[in-house]
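Dumped entry_21.tsv below, it's TSV, C-alpha atoms and all ligand atoms:
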chain	number	residue	atom	x	y	z
W	1	MET	CA	-35.49	-28.11	-47.48
W	2	ALA	CA	-32.55	-25.90	-48.28
W	3	THR	CA	-34.50	-22.77	-47.37
W	4	VAL	CA	-34.91	-22.72	-43.60
W	5	ASP	CA	-35.09	-19.00	-42.97
W	6	SER	CA	-32.82	-17.57	-40.35
W	7	THR	CA	-35.60	-16.45	-37.95
W	8	GLN	CA	-36.76	-20.01	-37.72
W	9	ALA	CA	-33.21	-21.16	-37.14
W	10	VAL	CA	-32.86	-18.63	-34.31
W	11	LYS	CA	-36.05	-19.85	-32.64
W	12	GLN	CA	-35.06	-23.46	-32.94
W	13	SER	CA	-31.69	-22.95	-31.34
W	14	ALA	CA	-33.02	-20.63	-28.66
W	15	ALA	CA	-35.70	-23.16	-27.78
W	16	ALA	CA	-33.11	-25.53	-26.36
W	17	THR	CA	-30.10	-27.21	-25.98
W	18	ALA	CA	-31.91	-28.50	-29.12
W	19	ALA	CA	-28.86	-28.16	-31.34
W	20	PRO	CA	-27.59	-31.62	-32.28
W	21	ALA	CA	-24.82	-32.97	-30.11
W	22	GLY	CA	-21.39	-32.10	-31.44
W	23	SER	CA	-22.57	-29.12	-33.45
W	24	ALA	CA	-20.29	-26.11	-33.15
W	25	VAL	CA	-21.66	-23.14	-31.23
W	26	ILE	CA	-18.90	-21.04	-32.76
W	27	ARG	CA	-17.46	-21.61	-36.19
W	28	VAL	CA	-14.90	-19.12	-37.47
W	29	GLU	CA	-13.63	-19.52	-41.03
W	30	ASP	CA	-10.51	-17.72	-42.25
W	31	VAL	CA	-11.35	-14.43	-40.60
W	32	HIS	CA	-9.36	-11.27	-41.25
W	33	LYS	CA	-9.90	-7.97	-39.51
W	34	TYR	CA	-8.48	-4.64	-40.60
W	35	TYR	CA	-8.75	-1.38	-38.75
W	36	ASP	CA	-8.47	1.57	-41.09
W	37	LEU	CA	-6.90	4.58	-39.45
W	38	GLY	CA	-6.70	7.14	-42.23
W	39	GLU	CA	-3.27	6.59	-43.77
W	40	THR	CA	-2.49	3.37	-41.96
W	41	ARG	CA	-4.20	0.05	-41.74
W	42	VAL	CA	-3.84	-2.40	-38.87
W	43	HIS	CA	-4.21	-6.06	-39.80
W	44	ALA	CA	-5.47	-7.28	-36.41
W	45	LEU	CA	-6.68	-10.79	-37.39
W	46	ARG	CA	-4.79	-12.61	-40.14
W	47	GLY	CA	-6.69	-15.72	-41.10
W	48	VAL	CA	-8.25	-17.17	-37.97
W	49	SER	CA	-10.19	-20.45	-38.18
W	50	VAL	CA	-11.53	-22.28	-35.16
W	51	GLU	CA	-14.55	-24.20	-33.92
W	52	VAL	CA	-15.94	-24.29	-30.40
W	53	GLU	CA	-18.45	-26.97	-29.46
W	54	ARG	CA	-21.28	-26.58	-26.99
W	55	GLY	CA	-20.07	-27.11	-23.43
W	56	GLU	CA	-16.46	-26.19	-24.10
W	57	PHE	CA	-14.48	-23.90	-21.83
W	58	VAL	CA	-11.80	-22.11	-23.84
W	59	ALA	CA	-9.11	-19.76	-22.56
W	60	ILE	CA	-7.42	-17.37	-24.96
W	61	MET	CA	-3.91	-16.19	-24.22
W	62	GLY	CA	-1.35	-14.12	-26.11
W	63	ALA	CA	0.71	-10.96	-25.85
W	64	SER	CA	-0.87	-7.54	-25.79
W	65	GLY	CA	-1.84	-6.53	-29.32
W	66	SER	CA	-2.07	-10.11	-30.62
W	67	GLY	CA	-5.76	-9.75	-31.53
W	68	LYS	CA	-7.52	-11.33	-28.55
W	69	SER	CA	-10.00	-8.53	-27.92
W	70	THR	CA	-10.64	-8.07	-31.63
W	71	PHE	CA	-11.48	-11.75	-31.82
W	72	MET	CA	-13.72	-11.61	-28.73
W	73	ASN	CA	-15.55	-8.56	-30.05
W	74	MET	CA	-16.32	-10.49	-33.19
W	75	LEU	CA	-17.46	-13.57	-31.25
W	76	GLY	CA	-19.68	-11.29	-29.19
W	77	CYS	CA	-21.23	-9.67	-32.27
W	78	LEU	CA	-19.86	-6.27	-31.27
W	79	ASP	CA	-17.95	-6.09	-34.54
W	80	ARG	CA	-17.80	-7.90	-37.87
W	81	PRO	CA	-14.92	-9.56	-39.67
W	82	SER	CA	-13.46	-7.71	-42.68
W	83	SER	CA	-13.44	-11.01	-44.53
W	84	GLY	CA	-14.15	-14.65	-43.73
W	85	ARG	CA	-17.18	-16.03	-41.97
W	86	TYR	CA	-18.45	-16.32	-38.43
W	87	LEU	CA	-21.27	-18.77	-37.75
W	88	LEU	CA	-22.94	-18.55	-34.36
W	89	GLU	CA	-25.10	-21.61	-33.72
W	90	GLY	CA	-25.04	-22.25	-37.44
W	91	ILE	CA	-26.16	-18.75	-38.39
W	92	ASP	CA	-23.76	-16.73	-40.53
W	93	VAL	CA	-23.67	-13.41	-38.69
W	94	SER	CA	-20.65	-12.01	-40.53
W	95	LYS	CA	-22.81	-9.95	-42.90
W	96	HIS	CA	-25.39	-8.84	-40.34
W	97	ASP	CA	-25.88	-5.10	-39.94
W	98	LYS	CA	-25.54	-3.36	-36.56
W	99	ARG	CA	-29.16	-3.81	-35.64
W	100	ALA	CA	-29.26	-7.51	-36.45
W	101	LEU	CA	-26.00	-8.00	-34.56
W	102	ALA	CA	-27.44	-6.23	-31.51
W	103	GLN	CA	-30.45	-8.50	-31.54
W	104	ILE	CA	-28.35	-11.67	-31.78
W	105	ARG	CA	-26.08	-10.31	-29.07
W	106	ASN	CA	-28.97	-9.77	-26.66
W	107	GLN	CA	-30.30	-13.26	-27.24
W	108	LYS	CA	-27.16	-15.33	-27.36
W	109	ILE	CA	-24.21	-13.59	-25.72
W	110	GLY	CA	-23.31	-12.83	-22.14
W	111	PHE	CA	-20.33	-10.52	-21.56
W	112	VAL	CA	-18.06	-10.07	-18.58
W	113	PHE	CA	-15.30	-7.47	-18.62
W	114	GLN	CA	-12.28	-6.63	-16.51
W	115	GLY	CA	-14.02	-3.65	-14.95
W	116	PHE	CA	-17.29	-4.84	-13.47
W	117	ASN	CA	-19.27	-1.97	-15.01
W	118	LEU	CA	-22.03	-2.06	-12.42
W	119	LEU	CA	-24.32	0.90	-11.83
W	120	ALA	CA	-23.29	2.39	-8.48
W	121	ARG	CA	-26.66	3.46	-7.09
W	122	THR	CA	-28.33	0.25	-8.05
W	123	THR	CA	-28.60	-2.98	-6.05
W	124	ALA	CA	-27.13	-6.31	-7.12
W	125	LEU	CA	-30.64	-7.46	-8.04
W	126	GLU	CA	-31.41	-4.39	-10.13
W	127	ASN	CA	-28.01	-4.52	-11.85
W	128	THR	CA	-28.63	-8.15	-12.75
W	129	GLU	CA	-32.13	-7.41	-14.01
W	130	LEU	CA	-31.03	-4.67	-16.39
W	131	PRO	CA	-30.45	-6.76	-19.56
W	132	THR	CA	-33.90	-8.32	-19.20
W	133	LEU	CA	-35.50	-4.94	-19.88
W	134	TYR	CA	-34.87	-5.59	-23.57
W	135	ALA	CA	-36.23	-9.14	-23.45
W	136	LYS	CA	-39.94	-9.53	-23.94
W	137	VAL	CA	-40.77	-10.87	-20.50
W	138	ASP	CA	-42.91	-9.43	-17.70
W	139	LYS	CA	-41.72	-7.90	-14.45
W	140	VAL	CA	-42.27	-11.00	-12.33
W	141	GLU	CA	-40.40	-13.24	-14.74
W	142	ARG	CA	-37.59	-10.65	-15.04
W	143	GLN	CA	-37.08	-10.58	-11.31
W	144	LYS	CA	-37.22	-14.35	-11.05
W	145	ARG	CA	-34.50	-14.66	-13.69
W	146	ALA	CA	-32.32	-12.15	-11.85
W	147	VAL	CA	-32.78	-14.00	-8.55
W	148	ASP	CA	-31.93	-17.30	-10.26
W	149	ALA	CA	-28.79	-15.83	-11.84
W	150	LEU	CA	-27.59	-14.33	-8.55
W	151	THR	CA	-28.22	-17.64	-6.82
W	152	LEU	CA	-26.18	-19.44	-9.48
W	153	VAL	CA	-23.15	-17.27	-8.72
W	154	GLY	CA	-23.55	-17.68	-4.97
W	155	LEU	CA	-24.97	-14.26	-4.14
W	156	ALA	CA	-28.46	-15.19	-2.97
W	157	ASP	CA	-27.74	-13.38	0.29
W	158	ARG	CA	-26.43	-10.16	-1.28
W	159	MET	CA	-29.26	-9.18	-3.61
W	160	GLN	CA	-30.06	-5.87	-1.95
W	161	HIS	CA	-26.42	-4.80	-1.61
W	162	TYR	CA	-25.03	-1.87	-3.58
W	163	PRO	CA	-21.70	-2.28	-5.41
W	164	SER	CA	-19.88	-0.16	-2.79
W	165	GLN	CA	-21.03	-2.64	-0.13
W	166	MET	CA	-19.46	-5.60	-1.93
W	167	SER	CA	-15.92	-6.87	-2.48
W	168	GLY	CA	-14.37	-6.91	-5.96
W	169	GLY	CA	-15.04	-10.62	-6.25
W	170	GLN	CA	-18.68	-10.16	-5.30
W	171	GLN	CA	-19.05	-7.32	-7.80
W	172	GLN	CA	-17.60	-9.51	-10.53
W	173	ARG	CA	-20.10	-12.22	-9.54
W	174	VAL	CA	-22.91	-9.72	-10.02
W	175	ALA	CA	-21.46	-8.94	-13.44
W	176	VAL	CA	-21.48	-12.68	-14.23
W	177	ALA	CA	-25.10	-12.96	-13.04
W	178	ARG	CA	-26.02	-9.99	-15.23
W	179	ALA	CA	-24.31	-11.69	-18.19
W	180	LEU	CA	-26.33	-14.87	-17.59
W	181	VAL	CA	-29.74	-13.36	-16.95
W	182	ASN	CA	-30.94	-13.62	-20.55
W	183	ARG	CA	-29.78	-17.25	-20.68
W	184	PRO	CA	-27.15	-16.82	-23.37
W	185	SER	CA	-25.63	-19.57	-25.50
W	186	ILE	CA	-22.10	-18.39	-24.74
W	187	LEU	CA	-20.43	-16.52	-21.93
W	188	LEU	CA	-17.57	-14.33	-23.15
W	189	ALA	CA	-15.16	-12.87	-20.62
W	190	ASP	CA	-12.29	-10.51	-21.50
W	191	GLU	CA	-9.75	-10.52	-18.63
W	192	PRO	CA	-12.45	-11.08	-15.97
W	193	THR	CA	-9.85	-11.55	-13.22
W	194	GLY	CA	-7.60	-8.69	-14.32
W	195	ASN	CA	-8.64	-6.50	-11.38
W	196	LEU	CA	-8.76	-9.23	-8.76
W	197	ASP	CA	-6.24	-10.66	-6.30
W	198	SER	CA	-5.18	-14.26	-6.82
W	199	ARG	CA	-7.57	-15.91	-4.35
W	200	THR	CA	-10.53	-13.95	-5.67
W	201	SER	CA	-9.50	-14.87	-9.22
W	202	VAL	CA	-9.70	-18.54	-8.31
W	203	GLU	CA	-13.13	-17.92	-6.75
W	204	ILE	CA	-14.35	-16.48	-10.04
W	205	MET	CA	-12.89	-19.47	-11.88
W	206	GLU	CA	-14.79	-21.70	-9.46
W	207	VAL	CA	-17.99	-19.98	-10.58
W	208	PHE	CA	-17.00	-20.42	-14.24
W	209	GLN	CA	-16.22	-24.11	-13.76
W	210	GLU	CA	-19.57	-24.66	-12.03
W	211	LEU	CA	-21.42	-22.89	-14.84
W	212	ASN	CA	-19.48	-24.88	-17.43
W	213	ASP	CA	-20.33	-28.11	-15.56
W	214	LYS	CA	-23.98	-27.16	-16.08
W	215	GLY	CA	-23.35	-27.00	-19.83
W	216	LEU	CA	-22.59	-23.31	-20.43
W	217	THR	CA	-20.07	-22.63	-23.21
W	218	ILE	CA	-17.38	-20.21	-22.02
W	219	VAL	CA	-14.64	-18.31	-23.84
W	220	LEU	CA	-12.31	-16.31	-21.64
W	221	VAL	CA	-9.30	-14.10	-22.32
W	222	THR	CA	-6.57	-14.04	-19.73
W	223	HIS	CA	-2.87	-13.25	-19.62
W	224	GLU	CA	-2.42	-15.40	-16.53
W	225	HIS	CA	-1.31	-18.95	-17.18
W	226	ASP	CA	-2.72	-20.10	-13.82
W	227	VAL	CA	-6.16	-18.80	-14.74
W	228	ALA	CA	-6.06	-20.39	-18.21
W	229	GLN	CA	-5.39	-23.81	-16.67
W	230	PHE	CA	-8.92	-23.88	-15.22
W	231	ALA	CA	-10.30	-24.01	-18.78
W	232	LYS	CA	-10.52	-27.20	-20.84
W	233	ARG	CA	-8.70	-25.81	-23.87
W	234	VAL	CA	-6.20	-23.01	-24.44
W	235	LEU	CA	-5.75	-21.01	-27.66
W	236	VAL	CA	-2.66	-18.85	-27.96
W	237	PHE	CA	-2.80	-15.85	-30.28
W	238	ARG	CA	0.25	-14.27	-31.85
W	239	ASP	CA	0.27	-11.49	-34.44
W	240	GLY	CA	-3.38	-11.98	-35.30
W	241	ARG	CA	-3.19	-15.75	-35.71
W	242	ILE	CA	-3.86	-18.76	-33.52
W	243	ARG	CA	-0.43	-20.26	-32.87
W	244	LYS	CA	-1.39	-22.98	-30.40
W	245	ASP	CA	-4.57	-24.88	-29.65
W	246	ASP	CA	-4.14	-27.33	-26.78
W	247	LEU	CA	-6.37	-29.30	-24.46
W	248	VAL	CA	-5.59	-28.75	-20.78
W	249	LEU	CA	-4.36	-31.95	-19.18
W	250	ASN	CA	-4.93	-32.51	-15.46
W	251	ARG	CA	-7.05	-29.42	-15.16
W	252	PRO	CA	-7.31	-28.28	-11.53
W	253	ARG	CA	-10.67	-27.82	-9.83
W	254	ALA	CA	-10.86	-24.27	-8.55
W	255	SER	CA	-12.85	-25.46	-5.53
W	256	GLU	CA	-9.94	-27.73	-4.55
W	257	VAL	CA	-7.29	-25.07	-5.16
W	258	LEU	CA	-9.22	-22.68	-2.91
W	259	LYS	CA	-8.79	-25.06	0.02
W	260	THR	CA	-5.02	-24.63	-0.27
W	261	LEU	CA	-5.08	-20.82	-0.45
W	262	PRO	CA	-5.08	-18.55	2.59
W	263	THR	CA	-8.27	-16.60	3.20
W	264	LEU	CA	-8.33	-12.89	3.98
W	265	GLU	CA	-8.64	-13.58	7.69
W	266	ASP	CA	-5.47	-15.72	7.77
W	301	LIG	P1	-5.18	-7.75	-27.57
W	301	LIG	O1	-6.56	-7.78	-27.01
W	301	LIG	O2	-4.61	-9.10	-27.81
W	301	LIG	O3	-4.27	-6.90	-26.77
W	301	LIG	P2	-6.37	-6.21	-29.74
W	301	LIG	O4	-7.34	-7.08	-30.42
W	301	LIG	O5	-6.90	-5.20	-28.79
W	301	LIG	O6	-5.24	-7.10	-29.03
W	301	LIG	O7	-5.51	-5.43	-30.82
W	301	LIG	C1	-4.96	-6.06	-31.98
W	301	LIG	C2	-4.35	-4.98	-32.86
W	301	LIG	O8	-5.38	-4.18	-33.41
W	301	LIG	C3	-3.42	-4.04	-32.13
W	301	LIG	O9	-2.39	-3.67	-33.01
W	301	LIG	C4	-4.30	-2.86	-31.80
W	301	LIG	O10	-3.55	-1.69	-31.71
W	301	LIG	C5	-5.25	-2.83	-33.01
W	301	LIG	N1	-6.59	-2.33	-32.66
W	301	LIG	C6	-7.45	-2.87	-31.76
W	301	LIG	N2	-8.61	-2.19	-31.72
W	301	LIG	C7	-8.47	-1.18	-32.61
W	301	LIG	C8	-9.33	-0.12	-33.04
W	301	LIG	N3	-10.59	0.02	-32.55
W	301	LIG	N4	-8.86	0.72	-33.98
W	301	LIG	C9	-7.62	0.56	-34.50
W	301	LIG	N5	-6.76	-0.39	-34.15
W	301	LIG	C10	-7.18	-1.27	-33.21
W	302	MG	MG	-7.33	-7.00	-25.15
In structure tokens, how does this file's structure come out?
Amino acid sequence: MATVDSTQAVKQSAAATAAPAGSAVIRVEDVHKYYDLGETRVHALRGVSVEVERGEFVAIMGASGSGKSTFMNMLGCLDRPSSGRYLLEGIDVSKHDKRALAQIRNQKIGFVFQGFNLLARTTALENTELPTLYAKVDKVERQKRAVDALTLVGLADRMQHYPSQMSGGQQQRVAVARALVNRPSILLADEPTGNLDSRTSVEIMEVFQELNDKGLTIVLVTHEHDVAQFAKRVLVFRDGRIRKDDLVLNRPRASEVLKTLPTLED
């Protein structure tokens, strides 16, 4: 039984929530990452090991240049470690070539960035539907998934709006819906509130907490301590290493915090 081929493993894990309880979605083992720049070499990750279980909500903090984005790019299968291993749902993807990584990425990863990266002349619904074009599902199913994702982020009434007709917070919600539309195993967000005012940031964290409550695994980079506190666990990077790994005690509910914050009209 030692020879379960990886395609079968992919199908099994994609088929559900079927992974055994307690199994790590993310397992990173002694990862190093070097960037070669001609004469010089940047050692961006210097022996990172960490596990993230299904249903966790992890915030990553650390000074600029500490390796956060490098780490996230690896988690998101945008780049590979120089050495060490990365297992995503039990599959060692550290040796995958670009094409195999792209396939895994489309199936398992949802990305949200600081800039919302929406197409300007395209409605919220169409923006959300875009990633499904690569999935092997028909038009009706694609649209249904996009509607479901927009509903999840609270934008059921904004589906036909263009980005210019929406606030920054609403645009970021569309970006979250787009990240969710292929039903990924993990949501990765690199500074998702970096362009938002503080109330809108908490609104986005409310969406993240609701999604996490439904079982979605989330890893988020932020430089704001207040934002990190909405997660369940905080990793602090320094000089390419994880220096702290703490559970958040007395984590606030974003929905409660919002009640204490002034609205735009106030
Ligand atoms: P952070 O996201 O924490 O600010 P990064 O992961 O972006 O940190 O960067 C870690 C280190 O790797 C920095 O010294 C940065 O200059 C370097 N680095 C990041 N990306 C590249 C790249 N594509 N090419 C060369 N060096 C890079
Ligand atoms: Mg960064």
Using all atoms listed in the file, I'd like a table of the residues in chain W that come within 6 Å of ligand LIG 301 (chain W); for each, show the closest atom pair and its distance in Å rounded to one decimal, ordered by chain and ascending number, as CSV.
residue,atom,partner,partner_atom,distance
W:Tyr35,CA,W:LIG301,C9,4.8
W:Val42,CA,W:LIG301,N5,5.9
W:Ala44,CA,W:LIG301,O8,4.3
W:Ala63,CA,W:LIG301,O2,6.0
W:Ser64,CA,W:LIG301,O3,3.6
W:Gly65,CA,W:LIG301,O6,3.5
W:Ser66,CA,W:LIG301,O2,3.9
W:Gly67,CA,W:LIG301,O4,3.3
W:Lys68,CA,W:LIG301,O2,3.7
W:Ser69,CA,W:LIG301,O1,3.6
W:Thr70,CA,W:LIG301,O4,3.7
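The spacing separating atom CA of Gly84 of chain W from atom CA of His32 of chain W amounts to 6.4 Å.
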> In terms of the shortest atom-to-atom distance over only C-alpha atoms, which of W:Gly215, W:Pro184, W:Gly38, W:Gly55 is closest to Arg105 of chain W?
Replying inline: W:Pro184
>> At a cut-off of 8 Å, using all atoms listed in the file, what residues contact segment 113-120 of chain W? Leave out same-chain residues fewer than 3 positions from it and give the result as number ranges by chain.
In response: W: 123, 127, 162-164, 171-172, 175, 189-195
Residues from last step as file, C-alpha atoms, as a PDB file, in the frame of the given file:
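That gives us result-v7.pdb:
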ATOM      1  CA  THR W 123     -28.600  -2.980  -6.050  1.00  0.00           C
ATOM      2  CA  ASN W 127     -28.010  -4.520 -11.850  1.00  0.00           C
ATOM      3  CA  TYR W 162     -25.030  -1.870  -3.580  1.00  0.00           C
ATOM      4  CA  PRO W 163     -21.700  -2.280  -5.410  1.00  0.00           C
ATOM      5  CA  SER W 164     -19.880  -0.160  -2.790  1.00  0.00           C
ATOM      6  CA  GLN W 171     -19.050  -7.320  -7.800  1.00  0.00           C
ATOM      7  CA  GLN W 172     -17.600  -9.510 -10.530  1.00  0.00           C
ATOM      8  CA  ALA W 175     -21.460  -8.940 -13.440  1.00  0.00           C
ATOM      9  CA  ALA W 189     -15.160 -12.870 -20.620  1.00  0.00           C
ATOM     10  CA  ASP W 190     -12.290 -10.510 -21.500  1.00  0.00           C
ATOM     11  CA  GLU W 191      -9.750 -10.520 -18.630  1.00  0.00           C
ATOM     12  CA  PRO W 192     -12.450 -11.080 -15.970  1.00  0.00           C
ATOM     13  CA  THR W 193      -9.850 -11.550 -13.220  1.00  0.00           C
ATOM     14  CA  GLY W 194      -7.600  -8.690 -14.320  1.00  0.00           C
ATOM     15  CA  ASN W 195      -8.640  -6.500 -11.380  1.00  0.00           C
TER      16      ASN W 195
END
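We find atom CA of Pro81 of chain W and atom CA of Ile26 of chain W to be spaced 14.0 Å apart.
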> Pick from W:Thr122, W:Ser49, W:Thr263, W:Thr222: nearest to ligand MG 302 (chain W), with only C-alpha atoms and all ligand atoms counted?
Replying inline: W:Thr222
>> Ranking W:Arg243, W:Arg121, W:Arg85, W:His223 by minimum distance to ligand MG 302 (chain W) and counting only C-alpha atoms and all ligand atoms, which one comes first?
In response: W:His223
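Comparing W:Thr200, W:Gln229, W:Thr217, W:Asn73 by their smallest distance to ligand MG 302 (chain W), the closest is W:Asn73 (using all atoms listed in the file).
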>> Between atom CA of Ser198 of chain W and atom CA of Ala177 of chain W, what distance in Å does the model show, to one decimal?
In response: 20.9 Å
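Of the residues listed (W:Met166, W:Val221, W:Leu261, W:Ala231), W:Val221 shows the shortest atom-to-atom separation from Ile60 of chain W; distances use only C-alpha atoms.
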>> Distance cut-off 8 Å, centre (-8.1, -22.7, -24.8) in file coordinates, counting only C-alpha atoms: which residues qualify? Return them as a PyMOL selection string.
In response: chain W and resi 57-61+219+228+231-236+245-248
Print the selection's residues with C-alpha atoms to a file, as a PDB file, in the coordinates of the input.
ATOM      1  CA  PHE W  57     -14.480 -23.900 -21.830  1.00  0.00           C
ATOM      2  CA  VAL W  58     -11.800 -22.110 -23.840  1.00  0.00           C
ATOM      3  CA  ALA W  59      -9.110 -19.760 -22.560  1.00  0.00           C
ATOM      4  CA  ILE W  60      -7.420 -17.370 -24.960  1.00  0.00           C
ATOM      5  CA  MET W  61      -3.910 -16.190 -24.220  1.00  0.00           C
ATOM      6  CA  VAL W 219     -14.640 -18.310 -23.840  1.00  0.00           C
ATOM      7  CA  ALA W 228      -6.060 -20.390 -18.210  1.00  0.00           C
ATOM      8  CA  ALA W 231     -10.300 -24.010 -18.780  1.00  0.00           C
ATOM      9  CA  LYS W 232     -10.520 -27.200 -20.840  1.00  0.00           C
ATOM     10  CA  ARG W 233      -8.700 -25.810 -23.870  1.00  0.00           C
ATOM     11  CA  VAL W 234      -6.200 -23.010 -24.440  1.00  0.00           C
ATOM     12  CA  LEU W 235      -5.750 -21.010 -27.660  1.00  0.00           C
ATOM     13  CA  VAL W 236      -2.660 -18.850 -27.960  1.00  0.00           C
ATOM     14  CA  ASP W 245      -4.570 -24.880 -29.650  1.00  0.00           C
ATOM     15  CA  ASP W 246      -4.140 -27.330 -26.780  1.00  0.00           C
ATOM     16  CA  LEU W 247      -6.370 -29.300 -24.460  1.00  0.00           C
ATOM     17  CA  VAL W 248      -5.590 -28.750 -20.780  1.00  0.00           C
TER      18      VAL W 248
END
>> With only C-alpha atoms as the counted atoms, please give the residues lying no more than 12 Å from Leu78 of chain W, apart from itself and same-chain residues fewer than 5 positions off, as a VMD selection string.
In response: chain W and resid 69 to 73 93 to 94 96 to 106 109 to 111 188
With C-alpha atoms retained, write the just-selected residues as a JSON list (two decimals), in the frame of the given file.
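And here's again.json as it stands now:
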[["chain", "number", "residue", "atom", "x", "y", "z"],
["W", 69, "SER", "CA", -10.00, -8.53, -27.92],
["W", 70, "THR", "CA", -10.64, -8.07, -31.63],
["W", 71, "PHE", "CA", -11.48, -11.75, -31.82],
["W", 72, "MET", "CA", -13.72, -11.61, -28.73],
["W", 73, "ASN", "CA", -15.55, -8.56, -30.05],
["W", 93, "VAL", "CA", -23.67, -13.41, -38.69],
["W", 94, "SER", "CA", -20.65, -12.01, -40.53],
["W", 96, "HIS", "CA", -25.39, -8.84, -40.34],
["W", 97, "ASP", "CA", -25.88, -5.10, -39.94],
["W", 98, "LYS", "CA", -25.54, -3.36, -36.56],
["W", 99, "ARG", "CA", -29.16, -3.81, -35.64],
["W", 100, "ALA", "CA", -29.26, -7.51, -36.45],
["W", 101, "LEU", "CA", -26.00, -8.00, -34.56],
["W", 102, "ALA", "CA", -27.44, -6.23, -31.51],
["W", 103, "GLN", "CA", -30.45, -8.50, -31.54],
["W", 104, "ILE", "CA", -28.35, -11.67, -31.78],
["W", 105, "ARG", "CA", -26.08, -10.31, -29.07],
["W", 106, "ASN", "CA", -28.97, -9.77, -26.66],
["W", 109, "ILE", "CA", -24.21, -13.59, -25.72],
["W", 110, "GLY", "CA", -23.31, -12.83, -22.14],
["W", 111, "PHE", "CA", -20.33, -10.52, -21.56],
["W", 188, "LEU", "CA", -17.57, -14.33, -23.15]]
>> Calculated over only C-alpha atoms and all ligand atoms, which of the candidates W:Leu220, W:Val207, W:Val48, W:His225 has the smallest distance to ligand MG 302 (chain W)?
In response: W:Leu220
>> Using all atoms listed in the file, list the residues that have an atom at most 7 Å from (-4.2, -11.4, -36.3), coordinates as in the file, as a PyMOL selection string.
In response: chain W and resi 43-47+66-67+238-241
>> Just want the 6 Å neighbourhood of segment 144-161 of chain W, counted on all atoms listed in the file, with same-chain residues fewer than 6 positions away dropped. Output as a PyMOL selection string.
In response: chain W and resi 123-125+128-129+173+177+181
